[in-house]
Amino acid sequence: MKAAGIIFSNIHDSTVPELTSRRTMASIPFGGRYRLIDFALSNMVNSGITKVGVITHDNYQSLLDHLGNGKDWDLARRTGGIKILPPFITAYDSAAAGRFNSTRLESLMGVMNFINRCTEDVMVLSDCDVICNVDLASALAAHEKSGADFTMITAKVNTDIQPLDSHTEVPVIDEEGRVIDIAEYSGEQGDVTICADIWLVRRTYLQRVVNDAISHGHKSFYKDVIARNLGKDKFYAHFYDGFFARINSLESYFRCSMRLLDPPQRTSLFYRRNLPIFTKVRNSTPTRYTPEACVKNSLIADGCVIEGSVENSILFRGVKVGKGTTVSNCILMQDTLTGENVRLSCVVTDKNVVIKDGRELCGHETMPFYIGKGVMV
């Protein structure tokens, strides 16, 4: 069974405004060297998908810079490959009409030409606010075996580790794996099975329901497509049991990042057998540690210079930690520079931040201190 992919890069931007003011959700840096779109792309490529459309509508310069021609994901192809799908806006569209492609269903309406030109049997749809390493090949096999119109990937999350918001969809699944109902999260505690915002849809079925939504003016993917058709069409669930995280706030971004410092969780995400996570390759020098440097339980990318102390932190490429500086429980993005005798705790810096000598900045894991891109403190 052949499949093509569609990735929604923008629809969750409003949940993390600090990190998406100059970029899409898809291009948020994560884990020292990755972007969030790397996980959705790698899931597809690892299952043999060679045609992927990326829907985007604003703030996509950093996304284009990261994806390039797709060669780092083996998607630089004469046929298929990676396709950027920007909004189709004519001179007659009114700015007062609102933001184009603001919902998942409206995004699909805007790329019907791409869907109609696909010849693959199945369309794999994926959001960019989730971090996971799903074996989509087995999900596609289960989708074909069940004869499903629609298969959603589900995951079990513990609310003590990953707090859920009211927009999280919770499916009700019977013993045969069929989805019989779906509702928004209403405050259950402990382990909760949720939709991972990854779907496998029969292409002809997707064309029919999207065209029906266009003719009736529908807007919601869950309410107007899934909920309306649960009783009459074949909707199944496929359970994923590996590392799973959803980014829906700056706090959740911080918490999810810190989970990577736990070796079993890091292994569950990045070292699943035959399922690598691909990203853009950069040629950087190795990180240099001076004799005074002290590093404990941290992820340090290449190209860094460490002259101070780093503990329980994630440092992206090109970060410099000055002499006498202490960095604890922090995320320092690319090319952040700290002076001497700086104290940082629970701080998230965006790219190209400069922190001068003697500064002391402190946040908390429930409210990390954020410094925007290019800011000097």
# chains A, B, ... in the order shown; residues from 1 in each chain; ligands from 1

$ select_by_dssp --residues "region 130-365 of chain A" --states "alpha helix (DSSP H)" --output "VMD selection string"
chain A and resid 136 to 146 203 to 216 221 227 to 229 250 to 259 263 to 270

$ residues_around --residues "Lys234 (chain A)" --least-positions-apart "5" --cutoff "10 Å" --atoms "only C-alpha atoms" --output "number ranges by chain"
A: 146-151, 178-180, 229

$ write_last_selection --atoms "N, CA, C and O atoms" --output "PDB file, in the first residue's frame"
ATOM      1  N   SER A 146      -7.343  -3.895   8.291  1.00  0.00           N
ATOM      2  CA  SER A 146      -8.664  -3.634   8.865  1.00  0.00           C
ATOM      3  C   SER A 146      -9.659  -3.106   7.839  1.00  0.00           C
ATOM      4  O   SER A 146     -10.862  -3.106   8.088  1.00  0.00           O
ATOM      5  N   GLY A 147      -9.153  -2.633   6.688  1.00  0.00           N
ATOM      6  CA  GLY A 147     -10.032  -2.025   5.702  1.00  0.00           C
ATOM      7  C   GLY A 147     -10.604  -0.699   6.164  1.00  0.00           C
ATOM      8  O   GLY A 147     -11.683  -0.278   5.727  1.00  0.00           O
ATOM      9  N   ALA A 148      -9.874  -0.002   7.041  1.00  0.00           N
ATOM     10  CA  ALA A 148     -10.359   1.234   7.643  1.00  0.00           C
ATOM     11  C   ALA A 148     -10.390   2.375   6.629  1.00  0.00           C
ATOM     12  O   ALA A 148      -9.580   2.441   5.699  1.00  0.00           O
ATOM     13  N   ASP A 149     -11.360   3.252   6.824  1.00  0.00           N
ATOM     14  CA  ASP A 149     -11.361   4.512   6.090  1.00  0.00           C
ATOM     15  C   ASP A 149     -10.388   5.491   6.724  1.00  0.00           C
ATOM     16  O   ASP A 149      -9.791   6.325   6.043  1.00  0.00           O
ATOM     17  N   PHE A 150     -10.234   5.348   8.045  1.00  0.00           N
ATOM     18  CA  PHE A 150      -9.536   6.364   8.830  1.00  0.00           C
ATOM     19  C   PHE A 150      -8.909   5.672  10.043  1.00  0.00           C
ATOM     20  O   PHE A 150      -9.601   4.996  10.795  1.00  0.00           O
ATOM     21  N   THR A 151      -7.597   5.784  10.209  1.00  0.00           N
ATOM     22  CA  THR A 151      -6.914   5.230  11.379  1.00  0.00           C
ATOM     23  C   THR A 151      -6.187   6.349  12.096  1.00  0.00           C
ATOM     24  O   THR A 151      -5.399   7.069  11.470  1.00  0.00           O
ATOM     25  N   ARG A 178     -11.786  -0.335  17.270  1.00  0.00           N
ATOM     26  CA  ARG A 178     -12.576   0.628  16.505  1.00  0.00           C
ATOM     27  C   ARG A 178     -12.912   1.834  17.374  1.00  0.00           C
ATOM     28  O   ARG A 178     -13.248   1.689  18.558  1.00  0.00           O
ATOM     29  N   VAL A 179     -12.808   3.018  16.816  1.00  0.00           N
ATOM     30  CA  VAL A 179     -13.136   4.251  17.539  1.00  0.00           C
ATOM     31  C   VAL A 179     -14.647   4.430  17.483  1.00  0.00           C
ATOM     32  O   VAL A 179     -15.229   4.563  16.397  1.00  0.00           O
ATOM     33  N   ILE A 180     -15.283   4.434  18.651  1.00  0.00           N
ATOM     34  CA  ILE A 180     -16.742   4.555  18.698  1.00  0.00           C
ATOM     35  C   ILE A 180     -17.198   5.921  19.180  1.00  0.00           C
ATOM     36  O   ILE A 180     -18.369   6.273  19.039  1.00  0.00           O
ATOM     37  N   ASN A 229     -18.885  11.305  11.217  1.00  0.00           N
ATOM     38  CA  ASN A 229     -18.825  10.059  10.450  1.00  0.00           C
ATOM     39  C   ASN A 229     -18.458   8.832  11.277  1.00  0.00           C
ATOM     40  O   ASN A 229     -18.293   7.741  10.716  1.00  0.00           O
TER      41      ASN A 229
END

$ residues_around --residues "Met258 (chain A)" --least-positions-apart "2" --cutoff "9 Å" --atoms "only C-alpha atoms" --output "ChimeraX atom specification"
/A:31,253-256,260-262,312-314,329-331

$ write_last_selection --atoms "N, CA, C and O atoms" --output "PDB file, in the first residue's frame"
ATOM      1  N   GLY A  31      15.895  19.702  21.397  1.00  0.00           N
ATOM      2  CA  GLY A  31      16.849  18.630  21.655  1.00  0.00           C
ATOM      3  C   GLY A  31      18.278  18.897  21.229  1.00  0.00           C
ATOM      4  O   GLY A  31      19.049  17.961  21.034  1.00  0.00           O
ATOM      5  N   TYR A 253       7.109  22.916  26.607  1.00  0.00           N
ATOM      6  CA  TYR A 253       8.349  22.815  25.831  1.00  0.00           C
ATOM      7  C   TYR A 253       9.538  22.565  26.752  1.00  0.00           C
ATOM      8  O   TYR A 253      10.394  21.716  26.476  1.00  0.00           O
ATOM      9  N   PHE A 254       9.576  23.295  27.863  1.00  0.00           N
ATOM     10  CA  PHE A 254      10.667  23.135  28.818  1.00  0.00           C
ATOM     11  C   PHE A 254      10.644  21.737  29.437  1.00  0.00           C
ATOM     12  O   PHE A 254      11.675  21.056  29.504  1.00  0.00           O
ATOM     13  N   ARG A 255       9.479  21.290  29.863  1.00  0.00           N
ATOM     14  CA  ARG A 255       9.359  19.974  30.502  1.00  0.00           C
ATOM     15  C   ARG A 255       9.738  18.848  29.534  1.00  0.00           C
ATOM     16  O   ARG A 255      10.457  17.917  29.895  1.00  0.00           O
ATOM     17  N   CYS A 256       9.234  18.938  28.301  1.00  0.00           N
ATOM     18  CA  CYS A 256       9.526  17.902  27.312  1.00  0.00           C
ATOM     19  C   CYS A 256      11.019  17.843  27.001  1.00  0.00           C
ATOM     20  O   CYS A 256      11.592  16.759  26.837  1.00  0.00           O
ATOM     21  N   LEU A 260      14.540  14.645  27.961  1.00  0.00           N
ATOM     22  CA  LEU A 260      15.606  14.052  27.171  1.00  0.00           C
ATOM     23  C   LEU A 260      16.856  13.779  27.996  1.00  0.00           C
ATOM     24  O   LEU A 260      17.729  13.015  27.570  1.00  0.00           O
ATOM     25  N   LEU A 261      16.974  14.402  29.162  1.00  0.00           N
ATOM     26  CA  LEU A 261      18.138  14.185  30.015  1.00  0.00           C
ATOM     27  C   LEU A 261      18.055  12.854  30.757  1.00  0.00           C
ATOM     28  O   LEU A 261      19.033  12.439  31.386  1.00  0.00           O
ATOM     29  N   ASP A 262      16.913  12.178  30.674  1.00  0.00           N
ATOM     30  CA  ASP A 262      16.746  10.849  31.260  1.00  0.00           C
ATOM     31  C   ASP A 262      17.106   9.819  30.187  1.00  0.00           C
ATOM     32  O   ASP A 262      16.395   9.715  29.176  1.00  0.00           O
ATOM     33  N   ASN A 312      22.423  19.676  33.981  1.00  0.00           N
ATOM     34  CA  ASN A 312      21.010  19.428  33.646  1.00  0.00           C
ATOM     35  C   ASN A 312      20.497  20.418  32.597  1.00  0.00           C
ATOM     36  O   ASN A 312      19.419  20.988  32.747  1.00  0.00           O
ATOM     37  N   SER A 313      21.254  20.612  31.535  1.00  0.00           N
ATOM     38  CA  SER A 313      20.899  21.617  30.540  1.00  0.00           C
ATOM     39  C   SER A 313      21.056  21.070  29.126  1.00  0.00           C
ATOM     40  O   SER A 313      21.696  20.043  28.906  1.00  0.00           O
ATOM     41  N   ILE A 314      20.467  21.799  28.166  1.00  0.00           N
ATOM     42  CA  ILE A 314      20.569  21.459  26.749  1.00  0.00           C
ATOM     43  C   ILE A 314      21.142  22.666  26.025  1.00  0.00           C
ATOM     44  O   ILE A 314      20.561  23.751  26.066  1.00  0.00           O
ATOM     45  N   ASN A 329      19.757  23.717  34.590  1.00  0.00           N
ATOM     46  CA  ASN A 329      18.368  23.488  34.171  1.00  0.00           C
ATOM     47  C   ASN A 329      17.934  24.516  33.119  1.00  0.00           C
ATOM     48  O   ASN A 329      16.886  25.138  33.236  1.00  0.00           O
ATOM     49  N   CYS A 330      18.753  24.684  32.093  1.00  0.00           N
ATOM     50  CA  CYS A 330      18.501  25.698  31.070  1.00  0.00           C
ATOM     51  C   CYS A 330      18.479  25.084  29.676  1.00  0.00           C
ATOM     52  O   CYS A 330      18.994  23.988  29.450  1.00  0.00           O
ATOM     53  N   ILE A 331      17.881  25.828  28.750  1.00  0.00           N
ATOM     54  CA  ILE A 331      17.918  25.501  27.325  1.00  0.00           C
ATOM     55  C   ILE A 331      18.468  26.716  26.606  1.00  0.00           C
ATOM     56  O   ILE A 331      17.825  27.771  26.558  1.00  0.00           O
TER      57      ILE A 331
END

$ closest_residue --among "A:Val210, A:Ile84, A:Val321, A:Leu275" --to "Cys294 (chain A)" --atoms "only C-alpha atoms"
A:Val321

$ residues_around --residues "region 121-138 of chain A" --least-positions-apart "6" --cutoff "6 Å" --atoms "only C-alpha atoms" --output "NGL selection string"
:A and (2-9 or 26 or 37 or 43 or 47 or 197-203 or 243-247 or 269)

$ write_last_selection --atoms "C-alpha atoms" --output "JSON list (two decimals), in the first residue's frame"
[["chain", "number", "residue", "atom", "x", "y", "z"],
["A", 2, "LYS", "CA", 1.54, 3.30, -1.14],
["A", 3, "ALA", "CA", 1.15, 6.45, 0.96],
["A", 4, "ALA", "CA", 1.83, 10.18, 0.69],
["A", 5, "GLY", "CA", 2.18, 12.61, 3.59],
["A", 6, "ILE", "CA", 0.78, 15.99, 4.58],
["A", 7, "ILE", "CA", 2.29, 17.99, 7.46],
["A", 8, "PHE", "CA", 0.53, 20.97, 9.09],
["A", 9, "SER", "CA", 3.26, 23.43, 10.08],
["A", 26, "ALA", "CA", 7.30, 23.20, 12.75],
["A", 37, "ILE", "CA", 9.15, 19.02, 11.87],
["A", 43, "ASN", "CA", 8.20, 9.12, 10.84],
["A", 47, "SER", "CA", 7.91, 4.07, 6.57],
["A", 197, "ASP", "CA", -2.62, 14.07, 15.96],
["A", 198, "ILE", "CA", -1.37, 11.63, 13.33],
["A", 199, "TRP", "CA", -3.92, 10.06, 10.99],
["A", 200, "LEU", "CA", -3.93, 7.56, 8.14],
["A", 201, "VAL", "CA", -6.79, 8.25, 5.72],
["A", 202, "ARG", "CA", -7.84, 6.49, 2.53],
["A", 203, "ARG", "CA", -7.23, 9.10, -0.17],
["A", 243, "PHE", "CA", 8.24, 8.45, 23.89],
["A", 244, "PHE", "CA", 5.44, 10.95, 23.38],
["A", 245, "ALA", "CA", 5.23, 14.65, 24.18],
["A", 246, "ARG", "CA", 2.99, 17.50, 23.05],
["A", 247, "ILE", "CA", 4.12, 21.14, 22.95],
["A", 269, "LEU", "CA", 12.79, 8.58, 21.19]]

$ closest_atom_pairs --of "region 320-349 of chain A" --to "region 357-365 of chain A" --cutoff "10 Å" --atoms "only C-alpha atoms" --output "tab-separated table"
residue	atom	partner	partner_atom	distance
A:Gly322	CA	A:Asp357	CA	8.5
A:Lys323	CA	A:Asp357	CA	9.6
A:Gly324	CA	A:Gly358	CA	9.4
A:Thr325	CA	A:Gly358	CA	8.5
A:Thr326	CA	A:Glu360	CA	9.6
A:Val327	CA	A:Leu361	CA	10.0
A:Ser328	CA	A:Cys362	CA	9.6
A:Asn329	CA	A:Glu365	CA	8.4
A:Cys330	CA	A:Gly363	CA	9.4
A:Thr338	CA	A:Asp357	CA	7.3
A:Gly339	CA	A:Asp357	CA	4.4
A:Glu340	CA	A:Asp357	CA	4.8
A:Asn341	CA	A:Gly358	CA	5.0
A:Val342	CA	A:Gly358	CA	4.8
A:Arg343	CA	A:Glu360	CA	4.6
A:Leu344	CA	A:Leu361	CA	5.1
A:Ser345	CA	A:Cys362	CA	4.7
A:Cys346	CA	A:Gly363	CA	4.8
A:Val347	CA	A:Gly363	CA	6.0
A:Val348	CA	A:Gly363	CA	9.0

$ write_last_selection --atoms "N, CA, C and O atoms" --output "PDB file, in the first residue's frame"
ATOM      1  N   GLY A 322      30.875  31.314  29.427  1.00  0.00           N
ATOM      2  CA  GLY A 322      32.085  32.002  29.863  1.00  0.00           C
ATOM      3  C   GLY A 322      32.662  31.475  31.167  1.00  0.00           C
ATOM      4  O   GLY A 322      32.056  30.669  31.883  1.00  0.00           O
ATOM      5  N   LYS A 323      33.832  31.992  31.528  1.00  0.00           N
ATOM      6  CA  LYS A 323      34.524  31.584  32.751  1.00  0.00           C
ATOM      7  C   LYS A 323      33.718  31.979  33.986  1.00  0.00           C
ATOM      8  O   LYS A 323      33.168  33.085  34.055  1.00  0.00           O
ATOM      9  N   GLY A 324      33.655  31.081  34.939  1.00  0.00           N
ATOM     10  CA  GLY A 324      32.950  31.355  36.181  1.00  0.00           C
ATOM     11  C   GLY A 324      31.443  31.350  36.051  1.00  0.00           C
ATOM     12  O   GLY A 324      30.732  31.619  37.022  1.00  0.00           O
ATOM     13  N   THR A 325      30.923  31.043  34.885  1.00  0.00           N
ATOM     14  CA  THR A 325      29.474  31.042  34.644  1.00  0.00           C
ATOM     15  C   THR A 325      28.874  29.694  35.031  1.00  0.00           C
ATOM     16  O   THR A 325      29.462  28.643  34.776  1.00  0.00           O
ATOM     17  N   THR A 326      27.692  29.731  35.634  1.00  0.00           N
ATOM     18  CA  THR A 326      26.976  28.523  36.018  1.00  0.00           C
ATOM     19  C   THR A 326      25.645  28.469  35.271  1.00  0.00           C
ATOM     20  O   THR A 326      24.829  29.392  35.381  1.00  0.00           O
ATOM     21  N   VAL A 327      25.425  27.399  34.515  1.00  0.00           N
ATOM     22  CA  VAL A 327      24.188  27.188  33.756  1.00  0.00           C
ATOM     23  C   VAL A 327      23.522  25.935  34.314  1.00  0.00           C
ATOM     24  O   VAL A 327      24.082  24.839  34.227  1.00  0.00           O
ATOM     25  N   SER A 328      22.335  26.092  34.869  1.00  0.00           N
ATOM     26  CA  SER A 328      21.649  24.970  35.512  1.00  0.00           C
ATOM     27  C   SER A 328      20.194  24.903  35.053  1.00  0.00           C
ATOM     28  O   SER A 328      19.479  25.910  35.085  1.00  0.00           O
ATOM     29  N   ASN A 329      19.757  23.717  34.590  1.00  0.00           N
ATOM     30  CA  ASN A 329      18.368  23.488  34.171  1.00  0.00           C
ATOM     31  C   ASN A 329      17.934  24.516  33.119  1.00  0.00           C
ATOM     32  O   ASN A 329      16.886  25.138  33.236  1.00  0.00           O
ATOM     33  N   CYS A 330      18.753  24.684  32.093  1.00  0.00           N
ATOM     34  CA  CYS A 330      18.501  25.698  31.070  1.00  0.00           C
ATOM     35  C   CYS A 330      18.479  25.084  29.676  1.00  0.00           C
ATOM     36  O   CYS A 330      18.994  23.988  29.450  1.00  0.00           O
ATOM     37  N   THR A 338      27.274  33.681  26.657  1.00  0.00           N
ATOM     38  CA  THR A 338      27.213  34.170  28.042  1.00  0.00           C
ATOM     39  C   THR A 338      28.589  34.706  28.422  1.00  0.00           C
ATOM     40  O   THR A 338      29.622  34.135  28.058  1.00  0.00           O
ATOM     41  N   GLY A 339      28.574  35.798  29.173  1.00  0.00           N
ATOM     42  CA  GLY A 339      29.827  36.380  29.644  1.00  0.00           C
ATOM     43  C   GLY A 339      30.392  35.614  30.829  1.00  0.00           C
ATOM     44  O   GLY A 339      30.034  34.455  31.083  1.00  0.00           O
ATOM     45  N   GLU A 340      31.230  36.275  31.592  1.00  0.00           N
ATOM     46  CA  GLU A 340      31.852  35.646  32.753  1.00  0.00           C
ATOM     47  C   GLU A 340      31.021  35.880  34.012  1.00  0.00           C
ATOM     48  O   GLU A 340      30.323  36.890  34.138  1.00  0.00           O
ATOM     49  N   ASN A 341      31.078  34.900  34.912  1.00  0.00           N
ATOM     50  CA  ASN A 341      30.410  34.987  36.225  1.00  0.00           C
ATOM     51  C   ASN A 341      28.901  35.231  36.100  1.00  0.00           C
ATOM     52  O   ASN A 341      28.303  36.006  36.849  1.00  0.00           O
ATOM     53  N   VAL A 342      28.288  34.579  35.124  1.00  0.00           N
ATOM     54  CA  VAL A 342      26.837  34.646  34.923  1.00  0.00           C
ATOM     55  C   VAL A 342      26.181  33.482  35.652  1.00  0.00           C
ATOM     56  O   VAL A 342      26.750  32.390  35.755  1.00  0.00           O
ATOM     57  N   ARG A 343      24.965  33.695  36.181  1.00  0.00           N
ATOM     58  CA  ARG A 343      24.207  32.637  36.860  1.00  0.00           C
ATOM     59  C   ARG A 343      22.862  32.487  36.152  1.00  0.00           C
ATOM     60  O   ARG A 343      22.061  33.433  36.138  1.00  0.00           O
ATOM     61  N   LEU A 344      22.629  31.312  35.576  1.00  0.00           N
ATOM     62  CA  LEU A 344      21.376  31.045  34.875  1.00  0.00           C
ATOM     63  C   LEU A 344      20.714  29.805  35.459  1.00  0.00           C
ATOM     64  O   LEU A 344      21.369  28.772  35.629  1.00  0.00           O
ATOM     65  N   SER A 345      19.434  29.907  35.748  1.00  0.00           N
ATOM     66  CA  SER A 345      18.681  28.764  36.264  1.00  0.00           C
ATOM     67  C   SER A 345      17.279  28.785  35.672  1.00  0.00           C
ATOM     68  O   SER A 345      16.583  29.797  35.755  1.00  0.00           O
ATOM     69  N   CYS A 346      16.867  27.666  35.055  1.00  0.00           N
ATOM     70  CA  CYS A 346      15.547  27.560  34.409  1.00  0.00           C
ATOM     71  C   CYS A 346      15.318  28.703  33.419  1.00  0.00           C
ATOM     72  O   CYS A 346      14.302  29.400  33.470  1.00  0.00           O
ATOM     73  N   VAL A 347      16.287  28.877  32.534  1.00  0.00           N
ATOM     74  CA  VAL A 347      16.235  29.938  31.518  1.00  0.00           C
ATOM     75  C   VAL A 347      16.178  29.289  30.133  1.00  0.00           C
ATOM     76  O   VAL A 347      16.872  28.311  29.868  1.00  0.00           O
ATOM     77  N   VAL A 348      15.342  29.848  29.266  1.00  0.00           N
ATOM     78  CA  VAL A 348      15.281  29.434  27.864  1.00  0.00           C
ATOM     79  C   VAL A 348      15.686  30.637  27.017  1.00  0.00           C
ATOM     80  O   VAL A 348      15.011  31.669  27.054  1.00  0.00           O
TER      81      VAL A 348
END

$ select_by_dssp --residues "region 173-335 of chain A" --states "strand (DSSP E or B)" --output "PyMOL selection string"
chain A and resi 173+178-184+191-202+235-240+244-246+288-289+294-296+299-300+305-306+309-311+314-315+320-321+326-328+331-332

$ residues_around --residues "Lys83 (chain A)" --least-positions-apart "2" --cutoff "7 Å" --atoms "only C-alpha atoms" --output "short mmCIF file (atom, residue, chain, number, x, y, z; two decimals) with N, CA and C atoms, in the first residue's frame"
data_model
loop_
_atom_site.label_atom_id
_atom_site.label_comp_id
_atom_site.auth_asym_id
_atom_site.auth_seq_id
_atom_site.Cartn_x
_atom_site.Cartn_y
_atom_site.Cartn_z
N VAL A 52 5.86 14.18 0.30
CA VAL A 52 5.36 14.86 1.49
C VAL A 52 5.05 16.31 1.15
N GLY A 53 3.83 16.73 1.45
CA GLY A 53 3.46 18.13 1.30
C GLY A 53 3.44 18.82 2.65
N VAL A 54 4.10 19.97 2.75
CA VAL A 54 4.16 20.72 4.00
C VAL A 54 3.31 21.98 3.84
N GLY A 81 9.15 13.62 -3.50
CA GLY A 81 9.97 14.51 -2.70
C GLY A 81 9.14 15.40 -1.80
N LEU A 85 3.62 23.85 0.46
CA LEU A 85 2.28 24.21 0.01
C LEU A 85 1.86 25.51 0.70
#

$ residues_around --residues "Arg317 (chain A)" --least-positions-apart "5" --cutoff "10 Å" --atoms "only C-alpha atoms" --output "ChimeraX atom specification"
/A:32-33,282,284-287,300-305,332-336,351

$ residues_around --residues "Ser107 (chain A)" --least-positions-apart "2" --cutoff "10 Å" --atoms "only C-alpha atoms" --output "PyMOL selection string"
chain A and resi 8+10-11+55-57+85-87+100-105+109-112+219+221
